[in-house]
Amino acid sequence: MRTRLQAWRLADIAARLGGEVRGDPDFQIRGVGSLASAGPDQAAFLANPKYRPQARQTRAGVLILPPTEAGAADRPCIVTPDPYGYFARLSALLNPPSEVDPGVHPSAVVAPSARIHPSACVGPFVRIGHGAEVGAGTVIEAGTVIGDDVHIGSACRLHANVVVYQGCRLGDRVILHSGAVIGADGFGFAPIEGRWVKIPQVGIVIIGHDVEVGANTTIDRGALDDTVIEEGVKLDNQIQIGHNCRIGAHTAVAGCVGMAGSTIIGKGCRIGGSAMFTGHLEVADGVDISGGTVITKSVREKGVYTALFPFTRHERWLRNAVQLRNLEELAERVAALEAKSERDGKA
Amino acid sequence: MRTRLQAWRLADIAARLGGEVRGDPDFQIRGVGSLASAGPDQAAFLANPKYRPQARQTRAGVLILPPTEAGAADRPCIVTPDPYGYFARLSALLNPPSEVDPGVHPSAVVAPSARIHPSACVGPFVRIGHGAEVGAGTVIEAGTVIGDDVHIGSACRLHANVVVYQGCRLGDRVILHSGAVIGADGFGFAPIEGRWVKIPQVGIVIIGHDVEVGANTTIDRGALDDTVIEEGVKLDNQIQIGHNCRIGAHTAVAGCVGMAGSTIIGKGCRIGGSAMFTGHLEVADGVDISGGTVITKSVREKGVYTALFPFTRHERWLRNAVQLRNLEELAERVAALEAKSERDGKA
Amino acid sequence: MRTRLQAWRLADIAARLGGEVRGDPDFQIRGVGSLASAGPDQAAFLANPKYRPQARQTRAGVLILPPTEAGAADRPCIVTPDPYGYFARLSALLNPPSEVDPGVHPSAVVAPSARIHPSACVGPFVRIGHGAEVGAGTVIEAGTVIGDDVHIGSACRLHANVVVYQGCRLGDRVILHSGAVIGADGFGFAPIEGRWVKIPQVGIVIIGHDVEVGANTTIDRGALDDTVIEEGVKLDNQIQIGHNCRIGAHTAVAGCVGMAGSTIIGKGCRIGGSAMFTGHLEVADGVDISGGTVITKSVREKGVYTALFPFTRHERWLRNAVQLRNLEELAERVAALEAKSERDGKA
């Protein structure tokens with residue numbers, strides 16, 4: 001029983017988002033779908049010619065197409081140079097965030113010194129600490145805990161059971177998914193006489209505008225200076241960002257990535273899932289790191305970087321792995337053969 | 001101070017679970033244990049002959065044995081062809097889930113339009129959204145948040161501080177451990193002019209009967225279509241399942257596994273800990289993936305697949321790694337030696 | 001708007017922590033900082049001579065120095081043989097944990113049979129189960145859920161939205177960060193006729209004194225025996241500890257590490273980020289495991305162990321990976337060349 005979405009005329013859509021309507025401008029849609037699943041009151045898109053066969057068979061009422069594909073269309077369509085981008089904006093138009101009533105739920109525990117904008121919405125069982133600030137239109141869902149002196153900008157959405165530790169700062173339009181923990185202590189201990197002595201983590205986490213943080217992702221507060229996530233960064237689920245990391249604007253990081261302390265990532269990078277960074281290193285702007293790759297030193301130049309043991313059937317892996325453990329010896333044997341061949345050649 | 005368990009006679013156990021009692025059928029046990037730790041009022045099992053020495057020394061009052069091991073038993077025992085499976089069922093009999101009183105805790109905030117079965121138990125600080133449904137005998141523990149229009153079957157157990165986002169559907173007898181997040185937004189963004197534009201994630205998560213989800217595991221909702229976890233799937237802790245994944249029935253996935261979006265896993269697979277899937281690929285039924293392996297393309301045939309750099313002492317690794325970075329060159333040198341050898345042979 | 005810290009005279013600091021004050025003993029500081037960021041009312045430290053240039057330029061009012069560096073100091077300083085350890089203790093002195101008022105928040109739901117020490121602090125929306133015990137001075141923050149019969153020592157801090165399952169035991173001065181889940185069921189299932197039958201997990205988790213557990217880390221309860229984290233262990237964020245693991249005293253484990261069931265780690269080990277252990281193996285005392293390394297069998301001797309595919313530009317990786325998939329064949333080709341060379345030598 002999904003929510004019944006509002007219907008939109010194609011002409012009204014084009015007036016909002018641009019694009020050229022071909023066919024009936026009064027045709028109405030209520031949602032978007034994939035070529036495989038969209039129904040007669042939904043729009044689907046075709047960006048890559050290899051999906052042309054699916055586009056021919058789709059039940060979608062409307063197609064979003066690039067000019068090169070528009071000729072053959074047998075139904076209403078919207079023509080645009082970037083169908084995927086158009087589709088993203090159309091989907092946002094047709095699927096607005098669910099509306100919430102402003103106000104603080106009576107069960108929430110809000111410190112008297114906290115300032116909650118009257119248009120913000122604070123859900124049940126939310127705890128907001130002393131001196132915290134929550135901006136206009138921000139929604140804080142059930143069970144989320146906001147520490148003392150936290151500043152949250154406007155139009156943010158903190159889903160259920162998020163935790164933001166004391167003093168951290170979020171920009172505007174930030175989305176934190178459930179289970180995200182912002183500002184827990186970094187992993188800092190000094191070894192003194194066989195024991196670990198905790199080093200107070202006195203920095204904070206600063207999150208810029210338009211950042212999205214996935215479910216159960218953790219971003220630690222700085223040890224002395226701060227941990228910084230610049231504007232427009234997108235973090236997937238289950239990511240760990242150590243203390244004093246800095247992630248440059250508009251970088252996207254896929255799930256399960258780990259960054260040890262003081263990893264500095266440039267702007268506009270794309271980090272594949274489960275990549276790891278060993279800390280105290282820098283990655284230049286615009287770098288792509290493949291999934292599963294461990295980065296152990298700074299990457300100074302743009303490009304794609306990869307490290308992955310290729311998978312095979314287990315038996316074959318076993319035999320290759322034995323050789324890999326002896327790779328240096330194999331290289332020495334090749335060098336010996338070369339030396340002998342050289343001597344023989346001379347003889 | 002563990003809970004005092006009820007005592008069971010061996011004869012009553014066999015009446016319930018089958019198996020052949022040897023020795024005193026009135027002997028009573030109150031629990032199960034390992035060969036190393038079980039006491040005189042507990043049963044232990046021996047499945048693998050290599051543990052025979054421990055079985056001789058165990059303090060366990062009762063042994064569960066295969067017919068081949070039953071001859072030498074010096075105490076009451078239960079003989080069965082599958083001692084481990086029998087042990088599992090016996091342990092379930094002796095350790096029933098703790099009983100809970102039905103009803104909704106007065107602190108819970110339940111939307112008036114939600115339908116909670118009278119035999120369900122809703123704990124303190126639980127939030128249940130509009131139109132949600134909770135089936136018979138289902139237990140929802142403290143701090144768990146259930147979004148609007150979520151459907152939860154009967155006899156489920158949602159441990160404390162779980163989150164299920166709007167619209168997701170759970171079958172019967174589903175177990176979700178603490179910190180699990182079901183239905184957060186998938187990681188979907190379109191790059192438009194150097195920024196990431198969020199693509200609304202309008203699919204849901206569908207979880208079949210008898211699925212168990214570990215602590216802090218995350219399963220994202222579908223982008224357009226749905227993310228599906230089929231019946232009997234077991235997911236360990238700290239797993240990330242991206243949008244539009246499908247996991248086939250009775251597949252088991254160990255901890256820390258990551259699946260990028262649109263990974264399709266067959267039925268009856270076993271996925272080792274921290275394995276990763278780069279997404280948009282398919283794995284056939286009955287495939288085993290070794291722990292730590294990154295799967296980068298579809299696996300069409302049953303079998304065991306592996307990729308792992310074998311660990312060694314650091315110095316040896318350093319020397320092997322140098323050669324690995326130059327492996328192509330090494331192969332070229334071998335090819336050159338072969339060519340030269342060939343020429344020399346001909347000369 | 002960070003909290004205004006109390007000022008301390010250098011003479012008073014040395015009276016507490018030792019060290020020799022050079023320069024004005026009445027000079028006051030209010031905090032610590034890095035060489036790069038410390039201000040005139042803060043102390044910074046210099047341990048490694050390579051940071052001498054930064055030490056010359058720092059705005060820090062006070063420097064903590066080893067005797068070898070003390071000669072050139074142009075400002076008040078504290079001389080000590082271990083500047084980093086001193087700095088850690090000084091930071092702890094200047095940044096005491098925020099004070100909390102003892103008592104149970106009226107919104108908390110505490111079972112009548114639970115025993116909460118009067119000096120403990122229980123925050124809003126906390127649930128404490130039957131028979132649980134909370135020691136002197138322990139702080140339990142908002143939204144944390146404590147199961148039945150859990151024992152928590154004195155001077156612990158459980159941050160917001162932690163879950164401790166039934167029966168688990170924590171020592172004194174334990175810190176659990178937000179989202180940590182202690183004592184969820186281990187991953188134990190017996191395969192019976194194509195289905196997985198759950199094996200009740202009847203062990204508990206035992207956590208020693210002075211353990212710190214990072215955000216969203218999970219430690220599973222034992223299957224039959226217990227999972228044990230010995231005193232002084234430090235666990236970073238996003239770690240998964242399977243059932244029946246044991247981690248030896250004063251071992252430090254970095255983020256994203258996974259340990260499959262029955263992994264036994266010695267005392268004083270250091271485990272790098274995202275290392276994985278395949279379970280049922282032992283690691284000796286004092287072993288270092290490099291980040292990203294998968295440990296597949298027991299490590300009996302002290303030392304540093306590593307396994308990592310070295311990263312390169314993608315194109316180069318592709319070419320090396322092809323060879324790696326054929327490494328056994330390459331080794332056979334080298335052996336053939338050696339045999340031929342041997343034959344030719346004899347001929």
# chains A, B, ... in the order shown; residues from 1 in each chain; ligands from 1
>>> closest_atom_pairs(of="chain B", to="chain A", cutoff="7 Å", atoms="only C-alpha atoms", output="tab-separated table")
residue	atom	partner	partner_atom	distance
B:Phe125	CA	A:Phe125	CA	6.5
B:Arg127	CA	A:Ala142	CA	6.9
B:Gly143	CA	A:Gly143	CA	6.7
B:Val145	CA	A:Ala160	CA	6.8
B:Val163	CA	A:Ala160	CA	6.9
B:Gly167	CA	A:Arg2	CA	6.8
B:Gly179	CA	A:Gly179	CA	6.7
B:Val181	CA	A:Ser178	CA	6.6
B:Ala184	CA	A:Ala215	CA	6.6
B:Phe187	CA	A:Asp236	CA	5.9
B:Ala190	CA	A:Gly85	CA	5.7
B:Ile192	CA	A:Gly85	CA	6.4
B:Arg195	CA	A:His250	CA	6.0
B:Trp196	CA	A:His250	CA	6.9
B:Val197	CA	A:Ala88	CA	6.9
B:Lys198	CA	A:Ala88	CA	6.8
B:Ile199	CA	A:Ala88	CA	4.9
B:Pro200	CA	A:Ala92	CA	5.8
B:Asn216	CA	A:Asn216	CA	6.8
B:Thr218	CA	A:Ala215	CA	6.8
B:Leu224	CA	A:Gly33	CA	5.4
B:Gln240	CA	A:Gln238	CA	6.8
B:Gly258	CA	A:Cys256	CA	6.7
B:Thr293	CA	A:Phe311	CA	6.8
B:Val294	CA	A:Phe311	CA	6.9
B:Ile295	CA	A:Phe311	CA	6.6
B:Val304	CA	A:His314	CA	5.4
B:Tyr305	CA	A:Arg313	CA	4.4
B:Thr306	CA	A:His314	CA	5.0
B:Ala307	CA	A:Phe311	CA	4.3
B:Leu308	CA	A:Phe309	CA	6.1
B:Phe309	CA	A:Phe309	CA	6.5
B:Pro310	CA	A:Ala321	CA	6.4
B:Arg319	CA	A:Glu328	CA	6.1
B:Asn320	CA	A:Glu328	CA	5.0
B:Gln323	CA	A:Glu328	CA	6.2
B:Leu330	CA	A:Ala331	CA	6.9
B:Val334	CA	A:Val334	CA	6.8
>>> select_by_dssp(residues="segment 127-293 of chain A", states="strand (DSSP E)", output="number ranges by chain")
A: 127-128, 133-134, 139-140, 145-146, 151-152, 157-158, 163-164, 169-170, 175-176, 181-184, 189-192, 195-198, 205-207, 212-213, 218-220, 227-229, 234-235, 240-241, 246-247, 252-253, 258-259, 263-265, 270-271, 276-277, 281-283, 287-289
>>> residues_around(residues="Val139 of chain C", least_positions_apart="3", cutoff="6 Å", atoms="only C-alpha atoms", output="count of residues only")
3
>>> residues_around(residues="Asn48 of chain C", least_positions_apart="6", cutoff="12 Å", atoms="only C-alpha atoms", output="PDB file with N, CA, C and O atoms, in the first residue's frame")
ATOM      1  N   LEU C  35      50.886  21.303  17.108  1.00  0.00           N
ATOM      2  CA  LEU C  35      51.839  22.361  16.822  1.00  0.00           C
ATOM      3  C   LEU C  35      51.222  23.364  15.843  1.00  0.00           C
ATOM      4  O   LEU C  35      51.423  24.573  15.963  1.00  0.00           O
ATOM      5  N   GLN C  54      58.125  22.886  12.678  1.00  0.00           N
ATOM      6  CA  GLN C  54      56.802  23.304  13.140  1.00  0.00           C
ATOM      7  C   GLN C  54      56.863  23.824  14.574  1.00  0.00           C
ATOM      8  O   GLN C  54      56.163  24.753  14.938  1.00  0.00           O
ATOM      9  N   ALA C  55      57.736  23.205  15.402  1.00  0.00           N
ATOM     10  CA  ALA C  55      57.845  23.636  16.802  1.00  0.00           C
ATOM     11  C   ALA C  55      58.396  25.059  16.883  1.00  0.00           C
ATOM     12  O   ALA C  55      58.058  25.812  17.789  1.00  0.00           O
ATOM     13  N   ILE C  64      55.894  20.868  25.318  1.00  0.00           N
ATOM     14  CA  ILE C  64      56.310  19.693  26.083  1.00  0.00           C
ATOM     15  C   ILE C  64      57.400  19.023  25.266  1.00  0.00           C
ATOM     16  O   ILE C  64      57.176  18.642  24.110  1.00  0.00           O
ATOM     17  N   LEU C  65      58.574  18.887  25.870  1.00  0.00           N
ATOM     18  CA  LEU C  65      59.766  18.506  25.098  1.00  0.00           C
ATOM     19  C   LEU C  65      60.542  17.404  25.791  1.00  0.00           C
ATOM     20  O   LEU C  65      60.564  17.320  27.025  1.00  0.00           O
ATOM     21  N   PRO C  66      61.260  16.600  25.015  1.00  0.00           N
ATOM     22  CA  PRO C  66      62.230  15.688  25.621  1.00  0.00           C
ATOM     23  C   PRO C  66      63.507  16.487  25.955  1.00  0.00           C
ATOM     24  O   PRO C  66      63.727  17.554  25.392  1.00  0.00           O
ATOM     25  N   THR C  68      66.452  16.281  25.025  1.00  0.00           N
ATOM     26  CA  THR C  68      67.303  16.582  23.872  1.00  0.00           C
ATOM     27  C   THR C  68      66.852  17.816  23.103  1.00  0.00           C
ATOM     28  O   THR C  68      67.624  18.390  22.345  1.00  0.00           O
ATOM     29  N   GLU C  69      65.588  18.208  23.263  1.00  0.00           N
ATOM     30  CA  GLU C  69      65.065  19.349  22.505  1.00  0.00           C
ATOM     31  C   GLU C  69      64.933  20.598  23.359  1.00  0.00           C
ATOM     32  O   GLU C  69      64.559  21.660  22.861  1.00  0.00           O
ATOM     33  N   ASP C  82      59.064  11.354  28.006  1.00  0.00           N
ATOM     34  CA  ASP C  82      58.048  10.818  27.089  1.00  0.00           C
ATOM     35  C   ASP C  82      57.005  11.893  26.788  1.00  0.00           C
ATOM     36  O   ASP C  82      55.906  11.896  27.346  1.00  0.00           O
ATOM     37  N   PRO C  83      57.321  12.835  25.885  1.00  0.00           N
ATOM     38  CA  PRO C  83      56.409  13.966  25.662  1.00  0.00           C
ATOM     39  C   PRO C  83      55.010  13.533  25.219  1.00  0.00           C
ATOM     40  O   PRO C  83      54.019  14.147  25.631  1.00  0.00           O
ATOM     41  N   TYR C  84      54.893  12.483  24.419  1.00  0.00           N
ATOM     42  CA  TYR C  84      53.561  12.083  23.936  1.00  0.00           C
ATOM     43  C   TYR C  84      52.699  11.534  25.072  1.00  0.00           C
ATOM     44  O   TYR C  84      51.533  11.897  25.228  1.00  0.00           O
TER      45      TYR C  84
END
>>> atom_distance(atom1="atom CA of Val104 of chain C", atom2="atom CA of Val150 of chain C")
17.2 Å
>>> residues_around(residues="segment 242-245 of chain C", least_positions_apart="6", cutoff="8 Å", atoms="only C-alpha atoms", output="ChimeraX atom specification")
/C:185-187,219-223,225-228,258-265
>>> write_last_selection(atoms="N, CA, C and O atoms", output="tab-separated table (two decimals), in the first residue's frame")
chain	number	residue	atom	x	y	z
C	185	ASP	N	23.00	-12.30	19.23
C	185	ASP	CA	23.25	-13.72	18.97
C	185	ASP	C	24.41	-13.91	18.00
C	185	ASP	O	24.49	-13.23	16.98
C	186	GLY	N	25.28	-14.87	18.32
C	186	GLY	CA	26.28	-15.28	17.36
C	186	GLY	C	25.62	-15.94	16.16
C	186	GLY	O	24.43	-16.28	16.19
C	187	PHE	N	26.40	-16.10	15.09
C	187	PHE	CA	25.89	-16.61	13.83
C	187	PHE	C	26.02	-18.12	13.85
C	187	PHE	O	27.01	-18.69	13.38
C	219	ILE	N	29.74	-7.04	19.28
C	219	ILE	CA	30.41	-8.18	19.92
C	219	ILE	C	29.33	-9.20	20.25
C	219	ILE	O	28.46	-8.96	21.09
C	220	ASP	N	29.39	-10.34	19.58
C	220	ASP	CA	28.34	-11.35	19.76
C	220	ASP	C	28.53	-12.18	21.02
C	220	ASP	O	29.66	-12.49	21.42
C	221	ARG	N	27.43	-12.60	21.61
C	221	ARG	CA	27.46	-13.49	22.77
C	221	ARG	C	27.95	-14.86	22.34
C	221	ARG	O	27.88	-15.24	21.16
C	222	GLY	N	28.44	-15.64	23.27
C	222	GLY	CA	28.94	-16.96	22.97
C	222	GLY	C	27.83	-17.93	22.61
C	222	GLY	O	26.67	-17.75	23.01
C	223	ALA	N	28.20	-18.97	21.86
C	223	ALA	CA	27.22	-19.99	21.49
C	223	ALA	C	26.91	-20.85	22.71
C	223	ALA	O	25.76	-20.97	23.14
C	225	ASP	N	29.92	-21.38	25.30
C	225	ASP	CA	30.78	-20.70	26.26
C	225	ASP	C	30.64	-19.19	26.02
C	225	ASP	O	29.72	-18.76	25.36
C	226	ASP	N	31.56	-18.38	26.53
C	226	ASP	CA	31.39	-16.93	26.48
C	226	ASP	C	32.37	-16.27	25.51
C	226	ASP	O	33.41	-16.83	25.19
C	227	THR	N	32.02	-15.10	25.08
C	227	THR	CA	32.93	-14.22	24.34
C	227	THR	C	33.61	-13.32	25.37
C	227	THR	O	32.91	-12.76	26.22
C	228	VAL	N	34.92	-13.18	25.30
C	228	VAL	CA	35.64	-12.48	26.36
C	228	VAL	C	36.55	-11.39	25.79
C	228	VAL	O	37.37	-11.65	24.90
C	258	GLY	N	37.13	-7.57	11.25
C	258	GLY	CA	36.16	-8.63	11.49
C	258	GLY	C	36.84	-9.87	12.03
C	258	GLY	O	37.88	-10.28	11.52
C	259	MET	N	36.26	-10.43	13.08
C	259	MET	CA	36.78	-11.69	13.63
C	259	MET	C	35.66	-12.72	13.61
C	259	MET	O	34.65	-12.56	14.30
C	260	ALA	N	35.86	-13.76	12.81
C	260	ALA	CA	34.87	-14.84	12.80
C	260	ALA	C	34.94	-15.59	14.13
C	260	ALA	O	35.88	-15.42	14.92
C	261	GLY	N	33.95	-16.41	14.39
C	261	GLY	CA	33.80	-17.07	15.68
C	261	GLY	C	35.05	-17.82	16.13
C	261	GLY	O	35.79	-18.39	15.32
C	262	SER	N	35.29	-17.79	17.45
C	262	SER	CA	36.39	-18.54	18.05
C	262	SER	C	37.76	-18.10	17.56
C	262	SER	O	38.69	-18.89	17.51
C	263	THR	N	37.89	-16.83	17.24
C	263	THR	CA	39.22	-16.26	17.03
C	263	THR	C	39.80	-15.91	18.40
C	263	THR	O	39.13	-15.24	19.19
C	264	ILE	N	41.01	-16.35	18.67
C	264	ILE	CA	41.64	-16.08	19.96
C	264	ILE	C	42.86	-15.19	19.70
C	264	ILE	O	43.81	-15.61	19.03
C	265	ILE	N	42.81	-13.97	20.21
C	265	ILE	CA	43.90	-13.01	20.00
C	265	ILE	C	44.66	-12.86	21.33
C	265	ILE	O	44.04	-12.74	22.39
